[in-house]
Amino acid sequence: ERTPPITEVDIGMADDQGLKRPRAEEDQSEQKRARGEEDTETKAEMPFAIRKARGGNGKHVKALTNFYRLRMDHNVNVFQYEVIIKEQGATEFEDDKLGPSKGVKLDVMKALEKKLGSTPLAFNAAPTLVSPYKLKDPESGNEVEEMSLVVDVPKPNEKRKRNFEVKLRLTKVDNVGEVLEECQKSGSEGAAMNNLFHLLTSLNVVFHCGPLLRMIASRGPWHYTRTDKVSISKVSDLYRAFTQNVKFSDLGLVLNFNSGAGAFYKEEPLGVLLRGLGHSQALASGDRNLLQRVSKLLGGLKLKVYFPHTAKEGGKGKTRLPETVKGIAFHEKGERVGQPKTAGDVTFLKRDGEILQKKLRYVAKNNNGGERTEDISFEAVMQSLAELNDKNPYKTCPAEKVQQWFESLNPKDGKVQIDDILDKICPPTRMTKYFQETYGIELRSDVPIIWTGTTKKPSFHYLDHAMVAAGQRKNKADPDETQGMIRNTSEKPKPRKDLIDRMFQNEAKFRDDPVVKSFKLEIHPQMITIENARILDPPRIETEIKNNHPCYAQFRQPGEWDHRGSFFQPIEGLKSWGILVTDRSFTEGMVTQFQTLMRQMCQEKGIDLRPPCVANIANSRNSLEEDLTGFGRMIFENSNLPPQIIVVFKGPDNAQVAYSEIKRVCDCELGIPTTCCNSKKLRGNFQLAAVKGVVLKINAKLGGYTVRNSEMGHSVNWRVILPWKVKTMVFGIDVSHPAPGSRQPSVFAITALMDRWGHRYLSRYKAQSRRVEVGIPDMEDMIAGLIEDFSQSCMGPPDAIVVYRDGVSESQFDQVLATEVRAFQNVARNLSQTAQFQQNGKGNWMPTITYIISQKRNSTRFFPANPNDASKNGNFPAGLVVDTDIVNPRMFDFHLLSHSGLQGTSRPVYYHVLWNEGNYSPDEIQALTYGLCYGYSRCTKSIGCVTPIYYADKVAERVRLYYAQDCDDFMSDTGTMQSNMSGGSDRQPEAKFIHPNMRQTMFFI
């Protein structure tokens, strides 16, 4: 119904069937890890599940993967230092945001490296410093654990230097051989894994340092290069990128290296940029509201100001170093307060006037006992004029004239304001007049002006004299840019492998990096070959029952089946429903055509379809809530039955009808399921596919079964995967975060399987403070509610619980065990003491708990070594599982490619089994995980992750829509950057609940 916006397209990620999420929502801890920054979290004492065997089911194949073997001298010691940077003369700061910027920190670290006079050191912008030896004090020459130094860094656009005090403190020393040897021993998981985490963090700093200093831009773990850049819109180019991450595996230390891409602003005049973004009307009209939106867009953008009067023929003239734009300048006082400043409004002092201004303030301060003041006496004014340089034209200003000006200002206590007398002696010059008289350049007096600098000392610049600086990421991509990114980055596996190898050799250049060499690290030039990868057999899918015998789906290829005929369990009928048109271009003929296709599809699927109630509100002047309420009443009056569902057709540019408002009103206020369809899909060659998608969603929303997984349940024995014969409940947990700067809350969502066929799910959710991932309040209450629903649906509580958790980085595994696994244990303990469980003989009920972490956003890719093992598009077929070579030698983890990619190179999901009370074998866990990828109700394909997690993600995204009305930044145009001023609030959002009619349904489909 609605695809989340894409802000960064990883090469080939378009194959993930809607599983893409905004990069602004990527887990911050995982980004820190890839950059080499340590993420300190609460550590738990609960041990991780340990791998006891390897899986063996499936067809064995050979695979190449984007990992490279590392060889490191085991005698090397790695010293990690904490670095604190403070500018001399600055006030004390606790929050890092109040300290130096990232660029300044890197400049300080480079100056520090020179001052220490040592071999190349590794550092990042955290800042963290890593050295292969203990640092020495440059004055005494002795090895020390703590030291404090002062370094000088040139100030941008000025000849002066900034002085910084740098404090270094040794925090960790790791011997490579000892750490790796401990990790191979059994019974040493706690301390050994903690030491390994510190070592990998340090080594990631080593590999991050070189690209951080060489590349055009670095953002998070990604390093961008302008090699092979491609234009994807009028204002943006596509830059290639790469990321790297050091891991510990069966083969020892390995380096995961992956390619990607991102959209960057073109290096062009600011006026051209704004016109390319479609803001010409705003600039020409001078409309305050429109210009404020443009001002938000410009906030934070870096510009190079150039001076056309210094240009030689064919050139642009001298430029200054990039400055950060604060926005469009607005009048702050007077009759025009709030109106934009234009080139005709801006005045400034010439050089001689600035010198006089400083002299007046200096003399006034001295005459006031050293305290700064804005008042000045006539004698002080004359003293200031007398002390000016002989070349200054104001030095000879007649005393009589100054006296007249002074008296005309009505002095109080013999003094006037410095700026007032300054205006009389040397009146400011208008920007337009100055450029016309001095350089013969005519500026438009009605063009809005941008400003940089500070509020106390702003600098104003003409739009066409500002050039967008190179290397600036475009935070949000519009639909055309997104299509351009996908078109230019969806390489098939063979070209993708060649691209990764080429970037590894030519762009990253780790094998020639002096910092890498200083740690005695050697990198194998070829990708790792996995000899024992396996392709699992797909589960049997029952599509319908004929003559009391199940009919099984015919697979076109693994992960994709042909579903013709009836649904396995269709809804009884669609007797009270409606079609609501909000697109002005959607004609009655199109509505009739849609109804015809709906009748054909419903007849094929075994659904009794009655004629709908149709309404067109494209030209309505009522609020959307009023129109939806009235339409629901119309459906009821037409059929004498409560409305079952509303199909909404919305246009691509119909701004007044917001998707979020439709869902909020119908889900929370009216209790009527809705399915939204873009009317554009019914105009092309995909009409039948679009109608099929609508029917699939309707059937699932109203309780029907599309198919059932015959290996997920049986009429006699409850079994999830043969030979499991215990009643099992499967949970999916995810947290959805808003984009940076948004005022929307984060949403914690849980889904749970309510039947034995792998189809029906119910959910619970909670809106919470932004960016909280682990340790969710009220989690136990949500779990308990779902277990009670399961007990009613399945004649008793489960004997086993399997939980799939998404969005957690490796640094947070301990915290998940300490909070979420214990939350499930506490719920089971508390429920067993309730009267309901006591009466049913479940007083000692304690199910086994298995906790599995899913990491969708990973950089692992697999390439068939033998072309005969590949599918039509060059990827491995669905079902590829890897649990050797590149996995952790002790942890219970595996990679699973569960879907058949549509385009590009397919991305597997990385699963970690953290807790395994059920004592399940690798083959059982892998078969269950793969089988759960076949339960998605909206398509006849397997999906890229297990269905409970995908549904939890859907729930979280849906709930965030309910808050869109309270967060106007969500409704802003695609492609605009949001102001960070509104973000960062940690207050708990107001709870919004769905209608009681919807709570026992899959409303999120």
# chains A, B, ... in the order shown; residues from 1 in each chain; ligands from 1
$ residues_around --residues "His899 of chain A" --least-positions-apart "2" --cutoff "6 Å" --atoms "only C-alpha atoms" --output "list in words"
Gly559, Ala878, Leu897, Ser942, Ile943 and Gly944 of chain A
$ write_last_selection --atoms "N, CA and C atoms" --output "tab-separated table (two decimals), in the first residue's frame"
chain	number	residue	atom	x	y	z
A	559	GLY	N	11.07	-20.70	-3.66
A	559	GLY	CA	10.68	-19.39	-3.17
A	559	GLY	C	9.56	-18.74	-3.95
A	878	ALA	N	16.34	-19.49	-3.60
A	878	ALA	CA	15.93	-19.36	-2.20
A	878	ALA	C	16.26	-20.63	-1.44
A	897	LEU	N	19.50	-17.14	2.97
A	897	LEU	CA	18.92	-16.42	1.83
A	897	LEU	C	17.58	-17.09	1.54
A	942	SER	N	8.18	-16.58	-1.13
A	942	SER	CA	8.83	-16.45	0.17
A	942	SER	C	9.44	-15.05	0.27
A	943	ILE	N	9.61	-14.57	1.48
A	943	ILE	CA	10.14	-13.22	1.68
A	943	ILE	C	11.52	-13.29	2.32
A	944	GLY	N	12.16	-12.13	2.43
A	944	GLY	CA	13.57	-12.09	2.83
A	944	GLY	C	13.84	-12.32	4.28
$ residues_around --residues "Val416 of chain A" --least-positions-apart "6" --cutoff "12 Å" --atoms "only C-alpha atoms" --output "list in words"
Leu360, Ala364, Thr373, Glu374, Asp375, Ile376, Ser377, Phe378, Glu379, Ala380, Val381, Gln403, Trp405, Phe406, Glu407, Ser408, Leu409, Asn410, Leu422, Asp423 and Lys424 of chain A
$ atom_distance --atom1 "atom CA of Val591 of chain A" --atom2 "atom CA of Val691 of chain A"
11.9 Å
$ atom_distance --atom1 "atom CA of Ala952 of chain A" --atom2 "atom CA of Thr860 of chain A"
23.6 Å
$ select_by_dssp --residues "segment 713-924 of chain A" --states "strand (DSSP E or B)" --output "PyMOL selection string"
chain A and resi 728-736+746-753+761-768+800-806+848-855+862-864+880-882+891-897+909-916
$ closest_residue --among "A:Lys517, A:Lys296, A:His74, A:His995" --to "Leu670 of chain A" --atoms "only C-alpha atoms"
A:His995
$ select_by_dssp --residues "segment 416-587 of chain A" --states "alpha helix (DSSP H)" --output "ChimeraX atom specification"
/A:418-425,431-439,479-489,493-503,514-518
$ residues_around --residues "Thr128 of chain A" --least-positions-apart "6" --cutoff "7 Å" --atoms "only C-alpha atoms" --output "compact mmCIF listing (two decimals) with all heavy atoms, in the first residue's frame"
# COMPACT_ATOMS: atom_id res chain seq x y z
N TYR A 81 43.22 4.14 23.15
CA TYR A 81 43.24 5.34 23.98
C TYR A 81 41.93 6.11 23.85
O TYR A 81 41.40 6.27 22.75
CB TYR A 81 44.39 6.28 23.58
CG TYR A 81 45.77 5.78 23.94
CD1 TYR A 81 46.44 4.88 23.11
CD2 TYR A 81 46.38 6.18 25.12
CE1 TYR A 81 47.70 4.41 23.43
CE2 TYR A 81 47.66 5.72 25.45
CZ TYR A 81 48.31 4.84 24.61
OH TYR A 81 49.55 4.37 24.94
N GLU A 82 41.45 6.57 24.98
CA GLU A 82 40.33 7.51 24.97
C GLU A 82 40.88 8.91 24.77
O GLU A 82 41.90 9.28 25.36
CB GLU A 82 39.57 7.43 26.30
CG GLU A 82 38.43 8.43 26.40
CD GLU A 82 37.85 8.52 27.80
OE1 GLU A 82 38.61 8.40 28.78
OE2 GLU A 82 36.64 8.72 27.91
N VAL A 83 40.25 9.70 23.92
CA VAL A 83 40.73 11.04 23.59
C VAL A 83 39.65 12.06 23.95
O VAL A 83 38.49 11.91 23.55
CB VAL A 83 41.08 11.16 22.09
CG1 VAL A 83 41.68 12.53 21.80
CG2 VAL A 83 42.05 10.06 21.68
$ closest_residue --among "A:Lys266, A:Arg54, A:Arg764, A:His208" --to "Ala126 of chain A" --atoms "only C-alpha atoms"
A:His208
